[in-house]
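Here's coords.cif, which has mmCIF, C-alpha atoms:
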```cif
data_query
loop_
_atom_site.group_PDB
_atom_site.id
_atom_site.type_symbol
_atom_site.label_atom_id
_atom_site.label_comp_id
_atom_site.auth_asym_id
_atom_site.auth_seq_id
_atom_site.Cartn_x
_atom_site.Cartn_y
_atom_site.Cartn_z
ATOM 1 C CA MET L 1 -4.464 76.158 256.682
ATOM 2 C CA GLU L 2 -4.575 79.102 254.265
ATOM 3 C CA ASN L 3 -5.824 78.374 250.734
ATOM 4 C CA LYS L 4 -2.485 79.295 249.123
ATOM 5 C CA GLU L 5 -0.653 76.937 251.487
ATOM 6 C CA LYS L 6 -3.210 74.203 250.839
ATOM 7 C CA ILE L 7 -2.780 74.558 247.074
ATOM 8 C CA GLU L 8 1.029 74.361 247.442
ATOM 9 C CA ARG L 9 0.686 71.297 249.651
ATOM 10 C CA SER L 10 -1.637 69.617 247.128
ATOM 11 C CA PHE L 11 1.175 69.693 244.557
ATOM 12 C CA LEU L 12 2.865 66.937 246.579
ATOM 13 C CA LEU L 13 0.126 64.655 245.242
ATOM 14 C CA LEU L 14 1.246 65.212 241.650
ATOM 15 C CA PRO L 15 3.506 62.519 240.220
ATOM 16 C CA PRO L 16 7.144 63.281 239.380
ATOM 17 C CA ARG L 17 7.581 65.501 236.332
ATOM 18 C CA LEU L 18 9.695 64.724 233.291
ATOM 19 C CA CYS L 19 12.903 66.725 233.421
ATOM 20 C CA VAL L 20 14.443 68.172 230.265
ATOM 21 C CA MET L 21 17.425 70.419 229.681
ATOM 22 C CA VAL L 22 16.979 73.499 227.512
ATOM 23 C CA SER L 23 20.169 74.606 225.795
ATOM 24 C CA THR L 24 20.597 78.009 224.217
ATOM 25 C CA ARG L 25 23.374 80.171 222.852
ATOM 26 C CA GLY L 26 23.501 83.883 223.579
ATOM 27 C CA LYS L 27 24.154 86.530 220.945
ATOM 28 C CA ASP L 28 27.613 86.806 222.525
ATOM 29 C CA GLY L 29 28.245 83.103 221.744
ATOM 30 C CA SER L 30 27.966 81.917 225.356
ATOM 31 C CA MET L 31 26.303 78.546 225.932
ATOM 32 C CA ASN L 32 23.582 77.938 228.503
ATOM 33 C CA SER L 33 21.832 74.749 229.572
ATOM 34 C CA ALA L 34 19.275 74.549 232.348
ATOM 35 C CA PRO L 35 16.844 71.929 233.667
ATOM 36 C CA TYR L 36 13.106 72.414 233.351
ATOM 37 C CA CYS L 37 10.317 70.277 234.760
ATOM 38 C CA GLU L 38 7.432 72.495 233.688
ATOM 39 C CA PHE L 39 7.470 70.818 230.300
ATOM 40 C CA SER L 40 4.984 69.110 227.993
ATOM 41 C CA LYS L 41 4.803 67.814 224.445
ATOM 42 C CA LEU L 42 1.824 69.191 222.540
ATOM 43 C CA TYR L 43 0.145 67.795 219.440
ATOM 44 C CA GLY L 44 2.269 67.767 216.325
ATOM 45 C CA ASN L 45 5.813 69.005 216.657
ATOM 46 C CA PHE L 46 5.240 71.502 219.473
ATOM 47 C CA MET L 47 6.402 71.589 223.098
ATOM 48 C CA THR L 48 5.729 73.937 225.993
ATOM 49 C CA ILE L 49 8.147 74.953 228.717
ATOM 50 C CA GLY L 50 7.356 77.047 231.768
ATOM 51 C CA MET L 51 10.259 79.414 232.499
ATOM 52 C CA ASP L 52 11.042 81.926 235.201
ATOM 53 C CA LYS L 53 11.259 85.407 233.652
ATOM 54 C CA LYS L 54 14.763 85.873 235.111
ATOM 55 C CA ARG L 55 16.362 82.785 233.481
ATOM 56 C CA ASP L 56 19.242 83.126 231.019
ATOM 57 C CA SER L 57 17.563 80.475 228.833
ATOM 58 C CA LEU L 58 14.636 82.839 228.284
ATOM 59 C CA LYS L 59 16.910 85.812 227.544
ATOM 60 C CA ASN L 60 18.780 83.798 224.911
ATOM 61 C CA LEU L 61 15.594 82.328 223.465
ATOM 62 C CA ARG L 62 14.113 85.807 223.072
ATOM 63 C CA GLU L 63 17.276 86.978 221.267
ATOM 64 C CA THR L 64 17.973 83.998 219.018
ATOM 65 C CA LYS L 65 14.522 82.373 218.665
ATOM 66 C CA GLU L 66 15.996 78.852 218.948
ATOM 67 C CA CYS L 67 16.987 76.193 221.458
ATOM 68 C CA VAL L 68 17.643 72.502 221.938
ATOM 69 C CA ILE L 69 15.480 70.470 224.307
ATOM 70 C CA SER L 70 17.266 67.383 225.610
ATOM 71 C CA LEU L 71 15.849 64.388 227.420
ATOM 72 C CA ILE L 72 18.393 63.465 230.090
ATOM 73 C CA PRO L 73 19.088 60.002 231.550
ATOM 74 C CA ILE L 74 18.955 59.511 235.300
ATOM 75 C CA GLY L 75 22.580 58.348 235.199
ATOM 76 C CA ILE L 76 23.672 61.977 235.047
ATOM 77 C CA ALA L 77 21.204 63.358 237.602
ATOM 78 C CA ASP L 78 24.086 65.127 239.361
ATOM 79 C CA LYS L 79 24.695 67.174 236.209
ATOM 80 C CA ILE L 80 21.016 68.162 236.154
ATOM 81 C CA SER L 81 21.291 69.418 239.747
ATOM 82 C CA ILE L 82 24.507 71.355 239.062
ATOM 83 C CA SER L 83 22.975 72.941 235.935
ATOM 84 C CA GLY L 84 20.032 74.164 238.004
ATOM 85 C CA LYS L 85 22.127 76.728 239.857
ATOM 86 C CA PRO L 86 21.452 80.299 238.671
ATOM 87 C CA TYR L 87 24.982 81.084 237.495
ATOM 88 C CA PRO L 88 25.706 84.626 236.270
ATOM 89 C CA TYR L 89 24.912 85.267 232.612
ATOM 90 C CA GLY L 90 27.643 83.994 230.295
ATOM 91 C CA ILE L 91 28.848 81.229 232.638
ATOM 92 C CA SER L 92 28.504 77.892 230.828
ATOM 93 C CA GLU L 93 26.479 75.253 232.658
ATOM 94 C CA PHE L 94 28.003 72.791 230.199
ATOM 95 C CA GLU L 95 31.400 73.497 231.732
ATOM 96 C CA LYS L 96 30.191 73.707 235.336
ATOM 97 C CA ALA L 97 28.224 70.436 235.147
ATOM 98 C CA GLY L 98 30.627 68.547 232.890
ATOM 99 C CA LEU L 99 28.127 68.202 230.045
ATOM 100 C CA THR L 100 29.423 67.703 226.509
ATOM 101 C CA PRO L 101 28.102 70.239 223.982
ATOM 102 C CA ILE L 102 27.804 69.077 220.382
ATOM 103 C CA GLU L 103 26.908 71.100 217.332
ATOM 104 C CA ALA L 104 23.325 70.959 216.128
ATOM 105 C CA GLU L 105 22.416 70.779 212.435
ATOM 106 C CA LYS L 106 19.679 73.424 212.146
ATOM 107 C CA VAL L 107 20.122 75.743 215.152
ATOM 108 C CA LYS L 108 23.104 77.420 216.800
ATOM 109 C CA ALA L 109 22.155 76.219 220.291
ATOM 110 C CA PRO L 110 24.256 73.222 221.359
ATOM 111 C CA MET L 111 22.947 69.715 221.856
ATOM 112 C CA ILE L 112 23.946 67.592 224.857
ATOM 113 C CA ASP L 113 25.985 64.531 223.912
ATOM 114 C CA GLU L 114 24.864 62.609 227.017
ATOM 115 C CA ALA L 115 21.142 63.086 226.195
ATOM 116 C CA ILE L 116 18.718 60.308 225.288
ATOM 117 C CA VAL L 117 17.260 62.540 222.584
ATOM 118 C CA ASN L 118 18.002 66.097 221.433
ATOM 119 C CA TYR L 119 15.270 68.180 219.784
ATOM 120 C CA GLU L 120 16.356 71.169 217.742
ATOM 121 C CA CYS L 121 13.626 73.783 218.143
ATOM 122 C CA VAL L 122 12.589 77.232 216.971
ATOM 123 C CA LEU L 123 10.502 79.651 219.000
ATOM 124 C CA HIS L 124 6.799 79.657 218.160
ATOM 125 C CA GLY L 125 5.561 82.008 220.880
ATOM 126 C CA ILE L 126 5.837 83.264 224.442
ATOM 127 C CA PHE L 127 2.856 83.804 226.715
ATOM 128 C CA GLU L 128 3.892 86.534 229.149
ATOM 129 C CA ASP L 129 1.023 86.855 231.612
ATOM 130 C CA VAL L 130 1.797 83.928 233.960
ATOM 131 C CA GLY L 131 2.925 85.613 237.182
ATOM 132 C CA ASP L 132 6.719 85.487 237.553
ATOM 133 C CA SER L 133 6.882 82.952 234.722
ATOM 134 C CA VAL L 134 6.214 82.670 231.015
ATOM 135 C CA VAL L 135 5.013 79.773 228.908
ATOM 136 C CA VAL L 136 7.240 79.181 225.907
ATOM 137 C CA ILE L 137 6.036 77.211 222.893
ATOM 138 C CA VAL L 138 8.668 75.838 220.533
ATOM 139 C CA LYS L 139 8.420 73.874 217.312
ATOM 140 C CA ILE L 140 10.650 70.818 216.840
ATOM 141 C CA ILE L 141 12.490 70.942 213.528
ATOM 142 C CA ARG L 142 14.941 68.042 213.999
ATOM 143 C CA ALA L 143 15.380 65.094 216.399
ATOM 144 C CA HIS L 144 18.609 63.217 217.224
ATOM 145 C CA PHE L 145 18.643 59.836 219.026
ATOM 146 C CA ASP L 146 20.027 56.322 218.812
ATOM 147 C CA ASP L 147 17.584 54.168 216.814
ATOM 148 C CA LYS L 148 18.468 51.214 219.063
ATOM 149 C CA LEU L 149 16.491 52.904 221.854
ATOM 150 C CA ILE L 150 13.240 52.440 219.942
ATOM 151 C CA ASN L 151 11.598 49.043 220.395
ATOM 152 C CA GLU L 152 8.911 47.824 217.987
ATOM 153 C CA ASP L 153 6.635 47.657 221.019
ATOM 154 C CA GLU L 154 5.774 51.267 221.944
ATOM 155 C CA MET L 155 4.934 50.251 225.509
ATOM 156 C CA LYS L 156 8.360 48.640 226.044
ATOM 157 C CA THR L 157 10.103 51.690 224.583
ATOM 158 C CA ARG L 158 8.257 54.150 226.812
ATOM 159 C CA MET L 159 8.265 52.065 229.980
ATOM 160 C CA GLY L 160 11.922 51.078 229.566
ATOM 161 C CA SER L 161 13.172 54.662 229.464
ATOM 162 C CA ASP L 162 15.945 55.857 231.764
ATOM 163 C CA ALA L 163 14.717 59.439 231.430
ATOM 164 C CA ALA L 164 14.996 61.482 234.613
ATOM 165 C CA TYR L 165 11.819 62.634 236.344
ATOM 166 C CA HIS L 166 12.064 65.411 238.925
ATOM 167 C CA VAL L 167 10.770 64.379 242.352
ATOM 168 C CA THR L 168 11.795 67.173 244.735
ATOM 169 C CA LYS L 169 14.185 69.973 245.677
ATOM 170 C CA GLY L 170 16.132 69.927 242.391
ATOM 171 C CA ARG L 171 18.150 66.981 243.641
ATOM 172 C CA VAL L 172 15.896 63.906 243.782
ATOM 173 C CA PHE L 173 15.068 62.188 240.512
ATOM 174 C CA CYS L 174 13.463 58.893 239.476
ATOM 175 C CA THR L 175 12.719 56.891 236.348
ATOM 176 C CA ILE L 176 9.402 55.536 235.178
ATOM 177 C CA LYS L 177 10.798 52.105 236.147
ATOM 178 C CA GLY L 178 11.192 53.250 239.775
ATOM 179 C CA LYS L 179 14.930 53.886 240.089
ATOM 180 C CA THR L 180 15.529 56.827 242.449
ATOM 181 C CA VAL L 181 18.609 59.025 242.756
ATOM 182 C CA ASP L 182 19.229 61.704 245.390
ATOM 183 C CA THR L 183 22.193 63.709 244.118
ATOM 184 C CA GLY L 184 22.650 65.312 247.536
ATOM 185 C CA ILE L 185 23.478 68.524 245.669
ATOM 186 C CA ASP L 186 22.052 71.704 247.178
ATOM 187 C CA VAL L 187 22.275 74.311 244.398
ATOM 188 C CA LYS L 188 22.210 77.049 247.022
ATOM 189 C CA LYS L 189 25.596 75.805 248.264
ATOM 190 C CA ILE L 190 27.381 75.284 244.932
#
```
Target encoding structure tokens, full file:
Amino acid sequence: MENKEKIERSFLLLPPRLCVMVSTRGKDGSMNSAPYCEFSKLYGNFMTIGMDKKRDSLKNLRETKECVISLIPIGIADKISISGKPYPYGISEFEKAGLTPIEAEKVKAPMIDEAIVNYECVLHGIFEDVGDSVVVIVKIIRAHFDDKLINEDEMKTRMGSDAAYHVTKGRVFCTIKGKTVDTGIDVKKI
């Protein structure tokens, strides 16, 4: 087995990755929302997202310097899959996937009404030299969520989450509690 193939195969040993949606608005006013699993919260109010250089989210983020990062419940995993299709620029994934855009308070990018939490963010920096991808760092400036989702016991709050984790092929998702959903949606055939 070649080293490159072995490295790729080793990724199957990684646990599922938290899936977020990144929403942006283009200079032309068009709305975009796309799923990302190359995501991590950093110390303080910062988050990183790995993005393909060809994604509309990145184009809009470069132009407007703002976005909304939304944590999505597994109950709408089908909408995550549909949003993952690389639609032509200007086509709204909100419309295609049946997501409900709502106005944010601090940024022009739309929030997702169905989300567990919406983070309004501003661009902090983009690291360009990562192959066909970039690493985007954003700063959270506002958070929106239902206070009833927070339990006094941090462990119960975190372990009771219905947040979607990406398992494989852009169509299989799970929760930290073990619920699994295969949307059966092949984005190449949408």
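CA of Arg171 in chain L sits 5.2 Å away from CA of Thr183 in chain L.
You will find CA of Lys59 in chain L at 25.8 Å from CA of Gly44 in chain L.
All residues of protein, DNA or RNA that reach within 9 Å of Leu123 in chain L, judged by only C-alpha atoms and not counting those fewer than 2 positions away in the chain, are L:Leu61, L:Arg62, L:Thr64, L:Lys65, L:Glu66, L:Cys67, L:Cys121, L:Gly125, L:Ile126, L:Val136, L:Ile137, L:Val138, L:Lys139.
The shortest atom-to-atom distance to His144 in chain L, with only C-alpha atoms taken into account, belongs to L:Val68 out of L:Met159, L:Val68, L:Glu128, L:Ile76.
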For the provided coordinates, the residues matched by the PyMOL selection byres ((chain L and resi 75) around 9) should be stated as a JSON list (two decimals) with C-alpha atoms, in the frame of the given file.
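Listed below is the output, result-v1.json:
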```
[["chain", "number", "residue", "atom", "x", "y", "z"],
["L", 72, "ILE", "CA", 18.39, 63.46, 230.09],
["L", 73, "PRO", "CA", 19.09, 60.00, 231.55],
["L", 74, "ILE", "CA", 18.95, 59.51, 235.30],
["L", 76, "ILE", "CA", 23.67, 61.98, 235.05],
["L", 77, "ALA", "CA", 21.20, 63.36, 237.60],
["L", 78, "ASP", "CA", 24.09, 65.13, 239.36],
["L", 162, "ASP", "CA", 15.94, 55.86, 231.76],
["L", 163, "ALA", "CA", 14.72, 59.44, 231.43],
["L", 164, "ALA", "CA", 15.00, 61.48, 234.61],
["L", 181, "VAL", "CA", 18.61, 59.02, 242.76]]
```
Which residues of range 96-157 of chain L sit at most 8 Å from range 18-28 of chain L, using all atoms listed in the file? Give each one's shortest atom pair and distance in Å (one decimal place), in chain and ascending residue order, as a Markdown table.
```
| residue | atom | partner | partner_atom | distance |
| --- | --- | --- | --- | --- |
| L:Lys108 | CA | L:Arg25 | CA | 6.7 |
| L:Ala109 | CA | L:Thr24 | CA | 4.6 |
| L:Pro110 | CA | L:Ser23 | CA | 6.2 |
| L:Met111 | CA | L:Ser23 | CA | 6.9 |
```
Let me see the file: selected residues, C-alpha atoms, as a compact mmCIF listing (two decimals), in the coordinates of the input.
```txt
# COMPACT_ATOMS: atom_id res chain seq x y z
CA LYS L 108 23.10 77.42 216.80
CA ALA L 109 22.16 76.22 220.29
CA PRO L 110 24.26 73.22 221.36
CA MET L 111 22.95 69.72 221.86
```
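We find CA of Ser133 in chain L and CA of Asn3 in chain L to be spaced 20.9 Å apart.
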Quick one: axis-aligned box around all listed atoms of range 60-75 of chain L, 6 Å on every side, centre and edge lengths in Å to one decimal, written as JSON.
```
{"center_x": 18.3, "center_y": 72.7, "center_z": 227.0, "size_x": 20.5, "size_y": 40.6, "size_z": 28.6}
```
